[in-house]
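A.B. asks: Sharing entry-v8.csv, CSV, C-alpha atoms:
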```csv
chain,number,residue,atom,x,y,z
A,1,MET,CA,52.3,159.7,51.8
A,2,LYS,CA,54.0,159.3,48.5
A,3,THR,CA,55.9,156.1,47.8
A,4,THR,CA,58.8,156.0,45.3
A,5,VAL,CA,61.2,153.4,44.0
A,6,TYR,CA,64.6,154.6,43.0
A,7,ILE,CA,66.7,151.7,41.7
A,8,ALA,CA,69.3,150.7,39.1
A,9,THR,CA,68.9,147.6,37.0
A,10,SER,CA,70.8,145.8,34.4
A,11,LEU,CA,69.2,146.1,30.9
A,12,ASP,CA,67.8,142.6,31.5
A,13,GLY,CA,66.0,143.8,34.6
A,14,PHE,CA,68.2,142.5,37.5
A,15,ILE,CA,68.9,144.5,40.6
A,16,ALA,CA,71.7,142.2,41.8
A,17,ARG,CA,73.3,138.9,40.8
A,18,SER,CA,71.8,135.8,42.4
A,19,ASN,CA,74.2,136.1,45.4
A,20,GLY,CA,73.5,139.8,45.9
A,21,ASP,CA,76.6,140.9,44.1
A,22,LEU,CA,76.6,144.4,42.6
A,23,ASP,CA,80.0,144.3,40.8
A,24,TRP,CA,78.3,145.0,37.5
A,25,LEU,CA,76.9,148.3,38.8
A,26,PRO,CA,79.2,151.4,38.5
A,27,GLY,CA,79.6,153.3,41.8
A,28,ILE,CA,77.3,156.2,42.4
A,29,GLY,CA,79.2,159.4,42.6
A,30,ASP,CA,81.5,158.6,39.7
A,31,ALA,CA,85.0,159.8,40.4
A,32,ASP,CA,85.4,161.2,36.9
A,33,THR,CA,82.2,163.2,36.6
A,34,GLY,CA,80.8,163.6,40.0
A,35,GLU,CA,77.5,162.6,38.5
A,36,ASP,CA,75.1,161.1,41.0
A,37,TYR,CA,72.1,160.4,38.8
A,38,GLY,CA,69.8,162.5,41.0
A,39,TYR,CA,70.5,160.3,44.0
A,40,GLN,CA,71.2,163.0,46.6
A,41,ALA,CA,68.3,165.2,45.5
A,42,PHE,CA,66.0,162.1,45.7
A,43,ILE,CA,67.3,160.9,49.1
A,44,ASP,CA,67.0,164.5,50.5
A,45,SER,CA,63.3,164.4,49.4
A,46,VAL,CA,62.4,161.3,51.4
A,47,ASP,CA,61.5,161.0,55.1
A,48,VAL,CA,61.9,157.3,55.4
A,49,LEU,CA,63.4,154.4,53.6
A,50,VAL,CA,61.6,151.0,53.6
A,51,MET,CA,63.5,147.9,52.7
A,52,GLY,CA,63.0,144.1,53.0
A,53,ARG,CA,65.2,141.5,54.6
A,54,GLY,CA,67.1,140.8,51.4
A,55,THR,CA,68.2,144.3,50.8
A,56,TYR,CA,68.9,144.8,54.5
A,57,GLU,CA,71.3,141.8,54.6
A,58,ILE,CA,73.2,143.2,51.6
A,59,VAL,CA,73.3,146.8,53.0
A,60,CYS,CA,74.5,145.5,56.4
A,61,THR,CA,77.7,144.4,54.7
A,62,PHE,CA,78.4,148.0,53.6
A,63,GLU,CA,80.9,150.0,55.7
A,64,PRO,CA,79.9,152.7,56.7
A,65,TRP,CA,76.1,152.4,57.0
A,66,PRO,CA,75.1,154.2,53.7
A,67,TYR,CA,72.0,156.1,54.9
A,68,GLY,CA,73.5,158.5,57.4
A,69,ASP,CA,70.8,159.6,59.8
A,70,LYS,CA,67.9,159.0,57.4
A,71,ARG,CA,65.1,157.0,59.0
A,72,VAL,CA,65.1,153.4,57.8
A,73,ILE,CA,62.5,150.7,58.3
A,74,VAL,CA,63.3,147.0,57.7
A,75,LEU,CA,60.0,145.3,56.9
A,76,SER,CA,60.3,141.6,57.6
A,77,ARG,CA,58.1,138.9,59.0
A,78,THR,CA,61.0,136.5,59.5
A,79,LEU,CA,63.8,138.7,61.0
A,80,ALA,CA,63.9,138.5,64.8
A,81,HIS,CA,66.2,141.5,65.5
A,82,LEU,CA,68.5,143.9,63.7
A,83,ALA,CA,72.3,143.9,64.0
A,84,ASP,CA,73.6,145.6,67.2
A,85,ASN,CA,75.9,148.1,65.5
A,86,LEU,CA,73.2,150.0,63.5
A,87,PRO,CA,72.3,153.6,64.2
A,88,ASP,CA,69.1,154.1,66.1
A,89,THR,CA,67.5,155.5,63.0
A,90,VAL,CA,67.0,151.9,61.9
A,91,GLU,CA,64.0,149.9,63.1
A,92,LEU,CA,62.5,146.5,62.4
A,93,ARG,CA,58.8,146.2,61.6
A,94,SER,CA,56.6,143.4,60.4
A,95,GLY,CA,53.1,143.7,58.9
A,96,THR,CA,51.8,144.3,55.5
A,97,PRO,CA,52.6,147.2,53.1
A,98,ALA,CA,49.1,148.6,53.8
A,99,GLU,CA,49.6,148.5,57.6
A,100,LEU,CA,53.1,150.1,57.3
A,101,VAL,CA,51.8,152.9,55.0
A,102,GLU,CA,49.0,153.6,57.5
A,103,GLN,CA,51.4,153.7,60.4
A,104,LEU,CA,53.9,156.0,58.6
A,105,GLN,CA,51.2,158.4,57.5
A,106,ALA,CA,50.0,158.6,61.1
A,107,GLU,CA,53.6,159.4,62.1
A,108,GLY,CA,53.6,162.3,59.6
A,109,MET,CA,55.8,160.8,56.9
A,110,LYS,CA,55.3,162.5,53.5
A,111,HIS,CA,57.6,160.5,51.2
A,112,ALA,CA,58.8,156.9,51.5
A,113,TYR,CA,61.6,155.4,49.5
A,114,ILE,CA,60.7,151.7,48.8
A,115,ASP,CA,63.7,149.5,48.1
A,116,GLY,CA,64.5,145.9,47.3
A,117,GLY,CA,62.9,143.5,44.7
A,118,LYS,CA,60.5,141.6,47.0
A,119,THR,CA,59.4,144.7,48.9
A,120,ILE,CA,58.8,146.7,45.7
A,121,GLN,CA,56.7,143.8,44.3
A,122,SER,CA,54.6,143.6,47.5
A,123,PHE,CA,53.9,147.3,47.4
A,124,LEU,CA,53.1,147.1,43.7
A,125,ASN,CA,50.7,144.2,44.2
A,126,ALA,CA,49.1,146.1,47.1
A,127,GLY,CA,48.5,149.1,44.8
A,128,LEU,CA,50.7,151.2,47.1
A,129,LEU,CA,53.5,152.4,44.8
A,130,ASP,CA,53.2,155.9,43.3
A,131,GLU,CA,56.4,156.4,41.4
A,132,LEU,CA,59.3,154.5,39.9
A,133,ILE,CA,62.7,156.0,39.0
A,134,ILE,CA,64.6,153.2,37.2
A,135,THR,CA,68.1,153.7,36.0
A,136,ARG,CA,69.2,151.2,33.3
A,137,ILE,CA,72.8,150.1,33.3
A,138,PRO,CA,74.1,149.2,29.8
A,139,VAL,CA,74.9,145.6,30.6
A,140,LEU,CA,73.2,142.2,30.4
A,141,ILE,CA,74.0,139.9,33.3
A,142,GLY,CA,71.7,137.0,32.3
A,143,THR,CA,70.5,135.9,35.8
A,144,GLY,CA,70.0,137.5,39.2
A,145,ILE,CA,67.5,139.0,41.5
A,146,PRO,CA,64.8,140.6,39.3
A,147,LEU,CA,63.3,144.0,40.0
A,148,PHE,CA,59.8,142.9,39.0
A,149,GLY,CA,57.9,139.7,39.6
A,150,PRO,CA,54.5,138.2,39.1
A,151,LEU,CA,51.5,140.5,39.5
A,152,GLU,CA,47.9,140.0,40.3
A,153,GLN,CA,47.0,142.3,37.4
A,154,ASP,CA,48.6,144.5,34.8
A,155,VAL,CA,50.0,147.8,36.2
A,156,LYS,CA,49.7,150.7,33.8
A,157,LEU,CA,52.2,153.5,34.1
A,158,GLN,CA,52.5,157.1,32.9
A,159,HIS,CA,56.0,158.0,31.6
A,160,VAL,CA,57.1,161.2,33.2
A,161,GLU,CA,60.6,161.7,31.8
A,162,THR,CA,63.7,160.0,30.7
A,163,ARG,CA,67.3,161.2,30.9
A,164,SER,CA,70.4,159.7,29.3
A,165,TYR,CA,73.8,160.1,30.8
A,166,ALA,CA,77.3,160.2,29.2
A,167,SER,CA,78.0,156.9,31.1
A,168,GLY,CA,75.3,155.2,29.1
A,169,MET,CA,72.9,155.0,31.9
A,170,VAL,CA,69.3,155.8,31.0
A,171,GLN,CA,66.9,156.9,33.8
A,172,SER,CA,63.2,156.8,33.4
A,173,THR,CA,60.5,158.1,35.8
A,174,TYR,CA,57.1,156.5,35.7
A,175,ARG,CA,53.9,157.2,37.8
A,176,VAL,CA,51.6,154.3,38.5
A,177,ILE,CA,48.2,155.1,37.1
A,178,GLU,CA,46.2,151.9,37.9
B,1,MET,CA,76.6,141.7,7.9
B,2,LYS,CA,75.1,143.7,10.7
B,3,THR,CA,72.5,142.1,12.9
B,4,THR,CA,69.9,144.2,14.8
B,5,VAL,CA,67.1,143.5,17.2
B,6,TYR,CA,64.1,145.9,17.0
B,7,ILE,CA,61.5,144.9,19.6
B,8,ALA,CA,59.0,146.2,22.1
B,9,THR,CA,58.9,145.0,25.7
B,10,SER,CA,56.8,145.7,28.7
B,11,LEU,CA,58.7,147.6,31.4
B,12,ASP,CA,59.2,144.3,33.1
B,13,GLY,CA,60.9,142.9,30.1
B,14,PHE,CA,58.3,140.7,28.3
B,15,ILE,CA,57.8,140.6,24.6
B,16,ALA,CA,54.5,138.7,24.8
B,17,ARG,CA,52.2,137.1,27.4
B,18,SER,CA,52.9,133.4,28.1
B,19,ASN,CA,50.4,132.4,25.5
B,20,GLY,CA,51.9,134.8,22.9
B,21,ASP,CA,49.3,137.5,23.4
B,22,LEU,CA,50.2,141.1,22.5
B,23,ASP,CA,47.0,142.8,23.7
B,24,TRP,CA,49.1,145.0,26.1
B,25,LEU,CA,51.1,146.4,23.1
B,26,PRO,CA,49.6,149.4,21.4
B,27,GLY,CA,49.4,149.1,17.6
B,28,ILE,CA,52.3,150.4,15.6
B,29,GLY,CA,51.1,153.2,13.3
B,30,ASP,CA,48.9,154.8,16.0
B,31,ALA,CA,45.8,156.1,14.4
B,32,ASP,CA,46.0,159.4,16.4
B,33,THR,CA,49.5,160.4,15.7
B,34,GLY,CA,50.8,158.3,12.7
B,35,GLU,CA,53.9,157.7,14.9
B,36,ASP,CA,55.6,154.4,13.9
B,37,TYR,CA,58.5,154.6,16.3
B,38,GLY,CA,61.0,154.3,13.5
B,39,TYR,CA,59.7,150.9,12.4
B,40,GLN,CA,59.4,151.7,8.6
B,41,ALA,CA,62.8,153.3,8.4
B,42,PHE,CA,64.3,150.3,10.2
B,43,ILE,CA,62.5,147.6,8.2
B,44,ASP,CA,63.5,149.5,5.0
B,45,SER,CA,67.2,149.3,6.1
B,46,VAL,CA,67.2,145.5,6.5
B,47,ASP,CA,67.7,142.9,3.8
B,48,VAL,CA,66.4,139.9,5.7
B,49,LEU,CA,64.4,139.1,8.8
B,50,VAL,CA,65.4,136.1,11.0
B,51,MET,CA,62.9,134.6,13.4
B,52,GLY,CA,62.5,131.4,15.4
B,53,ARG,CA,59.6,129.0,15.6
B,54,GLY,CA,57.9,130.8,18.4
B,55,THR,CA,57.7,134.1,16.7
B,56,TYR,CA,56.8,132.4,13.3
B,57,GLU,CA,53.9,130.7,14.9
B,58,ILE,CA,52.5,133.9,16.3
B,59,VAL,CA,53.1,135.9,13.1
B,60,CYS,CA,51.4,133.2,11.0
B,61,THR,CA,48.1,134.1,12.8
B,62,PHE,CA,48.4,137.7,11.5
B,63,GLU,CA,46.3,138.5,8.4
B,64,PRO,CA,47.7,139.7,6.1
B,65,TRP,CA,51.4,138.5,6.3
B,66,PRO,CA,53.0,141.5,7.9
B,67,TYR,CA,56.4,141.6,6.1
B,68,GLY,CA,55.2,142.2,2.5
B,69,ASP,CA,57.9,141.1,0.1
B,70,LYS,CA,60.8,141.3,2.7
B,71,ARG,CA,62.9,138.2,2.8
B,72,VAL,CA,62.2,136.2,5.9
B,73,ILE,CA,64.1,133.2,7.3
B,74,VAL,CA,62.5,131.0,9.9
B,75,LEU,CA,65.4,129.4,11.9
B,76,SER,CA,64.2,126.2,13.5
B,77,ARG,CA,65.6,122.8,14.2
B,78,THR,CA,62.2,121.3,14.9
B,79,LEU,CA,59.8,122.7,12.3
B,80,ALA,CA,59.5,120.3,9.3
B,81,HIS,CA,57.9,122.7,6.8
B,82,LEU,CA,56.2,126.1,6.6
B,83,ALA,CA,52.6,126.8,6.1
B,84,ASP,CA,51.4,126.5,2.4
B,85,ASN,CA,49.9,130.0,2.1
B,86,LEU,CA,53.1,132.0,2.8
B,87,PRO,CA,54.8,134.2,0.2
B,88,ASP,CA,57.8,132.6,-1.5
B,89,THR,CA,60.0,135.3,0.3
B,90,VAL,CA,59.8,133.1,3.4
B,91,GLU,CA,62.1,130.1,3.8
B,92,LEU,CA,62.8,127.6,6.6
B,93,ARG,CA,66.4,126.9,7.6
B,94,SER,CA,68.0,125.0,10.5
B,95,GLY,CA,71.6,125.4,11.7
B,96,THR,CA,73.3,127.6,14.2
B,97,PRO,CA,73.3,131.4,14.3
B,98,ALA,CA,76.9,131.3,13.2
B,99,GLU,CA,76.1,129.1,10.2
B,100,LEU,CA,73.2,131.2,9.2
B,101,VAL,CA,75.2,134.5,9.4
B,102,GLU,CA,77.9,132.9,7.2
B,103,GLN,CA,75.3,131.8,4.7
B,104,LEU,CA,73.6,135.1,4.6
B,105,GLN,CA,76.9,137.0,4.2
B,106,ALA,CA,77.8,134.8,1.3
B,107,GLU,CA,74.4,135.6,-0.2
B,108,GLY,CA,75.3,139.3,0.0
B,109,MET,CA,73.0,140.3,2.8
B,110,LYS,CA,74.2,143.5,4.6
B,111,HIS,CA,71.7,143.9,7.5
B,112,ALA,CA,69.6,141.2,9.3
B,113,TYR,CA,66.7,141.9,11.6
B,114,ILE,CA,66.8,139.3,14.4
B,115,ASP,CA,63.4,138.7,16.0
B,116,GLY,CA,62.0,136.6,18.8
B,117,GLY,CA,63.1,135.9,22.4
B,118,LYS,CA,64.9,132.6,21.9
B,119,THR,CA,66.5,133.5,18.6
B,120,ILE,CA,67.7,136.8,20.0
B,121,GLN,CA,69.2,135.0,23.0
B,122,SER,CA,70.9,132.4,20.8
B,123,PHE,CA,72.5,135.2,18.7
B,124,LEU,CA,73.5,137.1,21.9
B,125,ASN,CA,75.1,134.0,23.3
B,126,ALA,CA,77.0,133.3,20.1
B,127,GLY,CA,78.3,136.9,20.1
B,128,LEU,CA,76.5,137.6,16.8
B,129,LEU,CA,74.3,140.6,17.7
B,130,ASP,CA,75.5,144.1,16.9
B,131,GLU,CA,72.7,146.4,17.9
B,132,LEU,CA,69.5,146.4,20.0
B,133,ILE,CA,66.7,148.9,19.6
B,134,ILE,CA,64.3,148.3,22.5
B,135,THR,CA,61.0,150.1,22.9
B,136,ARG,CA,59.6,150.0,26.4
B,137,ILE,CA,55.9,150.1,26.8
B,138,PRO,CA,54.7,151.8,30.0
B,139,VAL,CA,53.0,148.8,31.5
B,140,LEU,CA,54.0,145.9,33.8
B,141,ILE,CA,52.4,142.5,32.8
B,142,GLY,CA,54.0,140.4,35.5
B,143,THR,CA,54.7,137.2,33.6
B,144,GLY,CA,55.2,136.2,29.9
B,145,ILE,CA,57.9,135.5,27.3
B,146,PRO,CA,61.0,137.4,28.3
B,147,LEU,CA,63.2,139.2,25.8
B,148,PHE,CA,66.4,138.2,27.6
B,149,GLY,CA,67.5,134.9,29.2
B,150,PRO,CA,70.5,133.3,30.8
B,151,LEU,CA,73.9,134.2,29.3
B,152,GLU,CA,77.2,132.4,29.2
B,153,GLN,CA,78.8,135.7,30.3
B,154,ASP,CA,77.9,139.4,30.8
B,155,VAL,CA,77.3,141.3,27.7
B,156,LYS,CA,78.4,144.9,27.8
B,157,LEU,CA,76.6,147.5,25.8
B,158,GLN,CA,77.2,151.0,24.5
B,159,HIS,CA,74.2,153.3,24.8
B,160,VAL,CA,73.7,155.1,21.4
B,161,GLU,CA,70.5,157.1,22.0
B,162,THR,CA,67.2,157.2,23.7
B,163,ARG,CA,64.0,158.8,22.5
B,164,SER,CA,60.8,159.3,24.4
B,165,TYR,CA,57.4,159.5,22.7
B,166,ALA,CA,54.2,161.3,23.7
B,167,SER,CA,52.6,157.9,24.0
B,168,GLY,CA,54.9,157.1,26.9
B,169,MET,CA,57.1,154.7,25.0
B,170,VAL,CA,60.8,155.0,25.5
B,171,GLN,CA,63.1,153.7,22.7
B,172,SER,CA,66.8,153.0,23.5
B,173,THR,CA,69.5,151.9,21.0
B,174,TYR,CA,72.5,150.0,22.2
B,175,ARG,CA,75.5,148.5,20.5
B,176,VAL,CA,77.0,145.3,21.8
B,177,ILE,CA,80.6,146.0,22.7
B,178,GLU,CA,81.8,142.6,24.1
```
Please rewrite the model in this file as structure tokens.

C.D. replies:
Amino acid sequence: MKTTVYIATSLDGFIARSNGDLDWLPGIGDADTGEDYGYQAFIDSVDVLVMGRGTYEIVCTFEPWPYGDKRVIVLSRTLAHLADNLPDTVELRSGTPAELVEQLQAEGMKHAYIDGGKTIQSFLNAGLLDELIITRIPVLIGTGIPLFGPLEQDVKLQHVETRSYASGMVQSTYRVIE
Amino acid sequence: MKTTVYIATSLDGFIARSNGDLDWLPGIGDADTGEDYGYQAFIDSVDVLVMGRGTYEIVCTFEPWPYGDKRVIVLSRTLAHLADNLPDTVELRSGTPAELVEQLQAEGMKHAYIDGGKTIQSFLNAGLLDELIITRIPVLIGTGIPLFGPLEQDVKLQHVETRSYASGMVQSTYRVIE
């Protein structure tokens, strides 16, 4: 099973303000251009989305639920149960990234979208991330929730491609090589 | 006077390891390709280089002095004097970024290269940076000296251009717009 991160960050590497706020992030599906920065094609290519508690709690505040009937796994050791009003495509699991990858592979999943700072970091540290698609927003916000965090060792990447958009966003794709 | 940052960072936003080490950074002037990532053209375009104490102390360990006869200002409130063996193109000044910019403008300087994390952050916070040229190295190092830091307010940027290199480095140029 391939695992991919698809995420937007400020130029200083934050995925949200400290309180989870995304007000600095222009909306996907820009009304002027219809540009979606490859999001729909990417989401269509994944079988399952994996997120941690932090991202789940932010996404829960979105109305409507943003993932349609896409399978979503909330990976958390501390969350006791999910909100009642979620579609039944959403499930809660605990366990390590390695255990989850093994389970999802056994369930026939081919491509997982790994989302959220802490979850991404735990997959990176476990050597279980294959690809990162990072879209840089042309703004510095100074503080917030970082995409990356401490690592047990350097992670070398292979640059696959970079695209710039008229909006000033720059999207780079990297493969993890070791 | 225009002020520009030209700097390489890891994909997780560090300009050096915590101890100042740059071992993760491929050498400029790659022996295989001769590619210099625009460095020579950039350095030729600046009249003066401004760095803080941290960068100065790392650069002092380089043999030979890497800036030839380019004018260099070490901006520090804590350093008492410079090393004896430096060329006389290097001078120590204290004062704020605003004071230094005023002095350099009065001295006829047209383009200053602002270098070093803390110095870059103080110029950003003072609203005295015009352009950033950031070259991303395809590696995550986990911890280190960050390029960016806390800000008094968001800094909006205009993306000017992005170039990818065969080495996997991705260089983006931004103008500060507010």

A.B. asks: Of the candidates A:Asp84, A:Glu91, A:Asp69, A:Asp12, which shows the shortest atom-to-atom distance to Gly149 (chain B), using only C-alpha atoms?

C.D. replies: A:Asp12

A.B. asks: Give me, please, the distance in Å between CA of Gly27 (chain A) and CA of Gly116 (chain A), quoted to one decimal.

C.D. replies: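 According to the coordinates, CA of Gly27 (chain A) and CA of Gly116 (chain A) are separated by 17.7 Å.
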
A.B. asks: Considering only C-alpha atoms, can you say which of A:Phe123, A:Tyr6, A:Phe148, A:Phe42 comes closest to chain B?

C.D. replies: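 Closest candidate: A:Phe148.
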
A.B. asks: With a cut-off of 8 Å and counting only C-alpha atoms, select all residues of chain A in contact with chain B and give the selection as a PyMOL selection string.

C.D. replies: chain A and resi 12-13+138-143+148-162+164+168-170+174

A.B. asks: Would you work out the distance separating CA of Gly108 (chain A) from CA of Lys2 (chain A), expressed in Å to one decimal?

C.D. replies: 11.5 Å

A.B. asks: Quote the spacing between CA of Glu107 (chain A) and CA of Pro64 (chain A) in Å to one decimal place.

C.D. replies: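 Between CA of Glu107 (chain A) and CA of Pro64 (chain A) the gap works out to 27.7 Å.
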
A.B. asks: Could you tell me which of A:Leu129, A:Leu25, A:Val5, A:Ala80 comes closest to Val101 (chain A) if we count all atoms listed in the file?

C.D. replies: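 For Val101 (chain A), the nearest of the candidates is A:Leu129.
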
A.B. asks: Which neighbours of Ile145 (chain A) fall inside 7 Å, counting all atoms listed in the file, when residues of the same chain fewer than 5 positions from it are skipped, and could you give them as a list of chain:residue names?

C.D. replies: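 Here the answer would be A:Phe14, A:Ile15, A:Ala16, A:Arg17, A:Ser18.
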
A.B. asks: With a distance cut-off of 9 Å and only C-alpha atoms, select the neighbouring residues of Pro97 (chain B), excluding the residue or stretch itself and same-chain residues fewer than 3 positions from it, and output the selection as a PDB file with C-alpha atoms, in the coordinates of the input.

C.D. replies:
```
ATOM      1  CA  LEU B  75      65.400 129.400  11.900  1.00  0.00           C
ATOM      2  CA  LEU B 100      73.200 131.200   9.200  1.00  0.00           C
ATOM      3  CA  VAL B 101      75.200 134.500   9.400  1.00  0.00           C
ATOM      4  CA  GLU B 102      77.900 132.900   7.200  1.00  0.00           C
ATOM      5  CA  THR B 119      66.500 133.500  18.600  1.00  0.00           C
ATOM      6  CA  SER B 122      70.900 132.400  20.800  1.00  0.00           C
ATOM      7  CA  PHE B 123      72.500 135.200  18.700  1.00  0.00           C
ATOM      8  CA  ALA B 126      77.000 133.300  20.100  1.00  0.00           C
ATOM      9  CA  LEU B 128      76.500 137.600  16.800  1.00  0.00           C
TER      10      LEU B 128
END
```

A.B. asks: Pick from B:Leu79, B:Ile114, B:Ile43, B:Ala8: nearest to Pro66 (chain B), with all atoms listed in the file counted?

C.D. replies: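 Counting all atoms listed in the file, the residue closest to Pro66 (chain B) is B:Ile43.
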
A.B. asks: Find the residues around Asp115 (chain A) up to 10 Å (all atoms listed in the file counted), leave out those fewer than 3 positions away in its own chain, and share them as a CSV table (one decimal) with C-alpha atoms, in the coordinates of the input.

C.D. replies:
```
chain,number,residue,atom,x,y,z
A,4,THR,CA,58.8,156.0,45.3
A,5,VAL,CA,61.2,153.4,44.0
A,6,TYR,CA,64.6,154.6,43.0
A,7,ILE,CA,66.7,151.7,41.7
A,49,LEU,CA,63.4,154.4,53.6
A,50,VAL,CA,61.6,151.0,53.6
A,51,MET,CA,63.5,147.9,52.7
A,52,GLY,CA,63.0,144.1,53.0
A,54,GLY,CA,67.1,140.8,51.4
A,55,THR,CA,68.2,144.3,50.8
A,56,TYR,CA,68.9,144.8,54.5
A,74,VAL,CA,63.3,147.0,57.7
A,112,ALA,CA,58.8,156.9,51.5
A,118,LYS,CA,60.5,141.6,47.0
A,119,THR,CA,59.4,144.7,48.9
A,120,ILE,CA,58.8,146.7,45.7
A,121,GLN,CA,56.7,143.8,44.3
A,147,LEU,CA,63.3,144.0,40.0
```

A.B. asks: Ranking B:Ser45, B:Arg77, B:Met1, B:Asn85 by minimum distance to Glu63 (chain B) and counting only C-alpha atoms, which one comes first?

C.D. replies: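 Once distances to Glu63 (chain B) are computed over only C-alpha atoms, the minimum belongs to B:Asn85.
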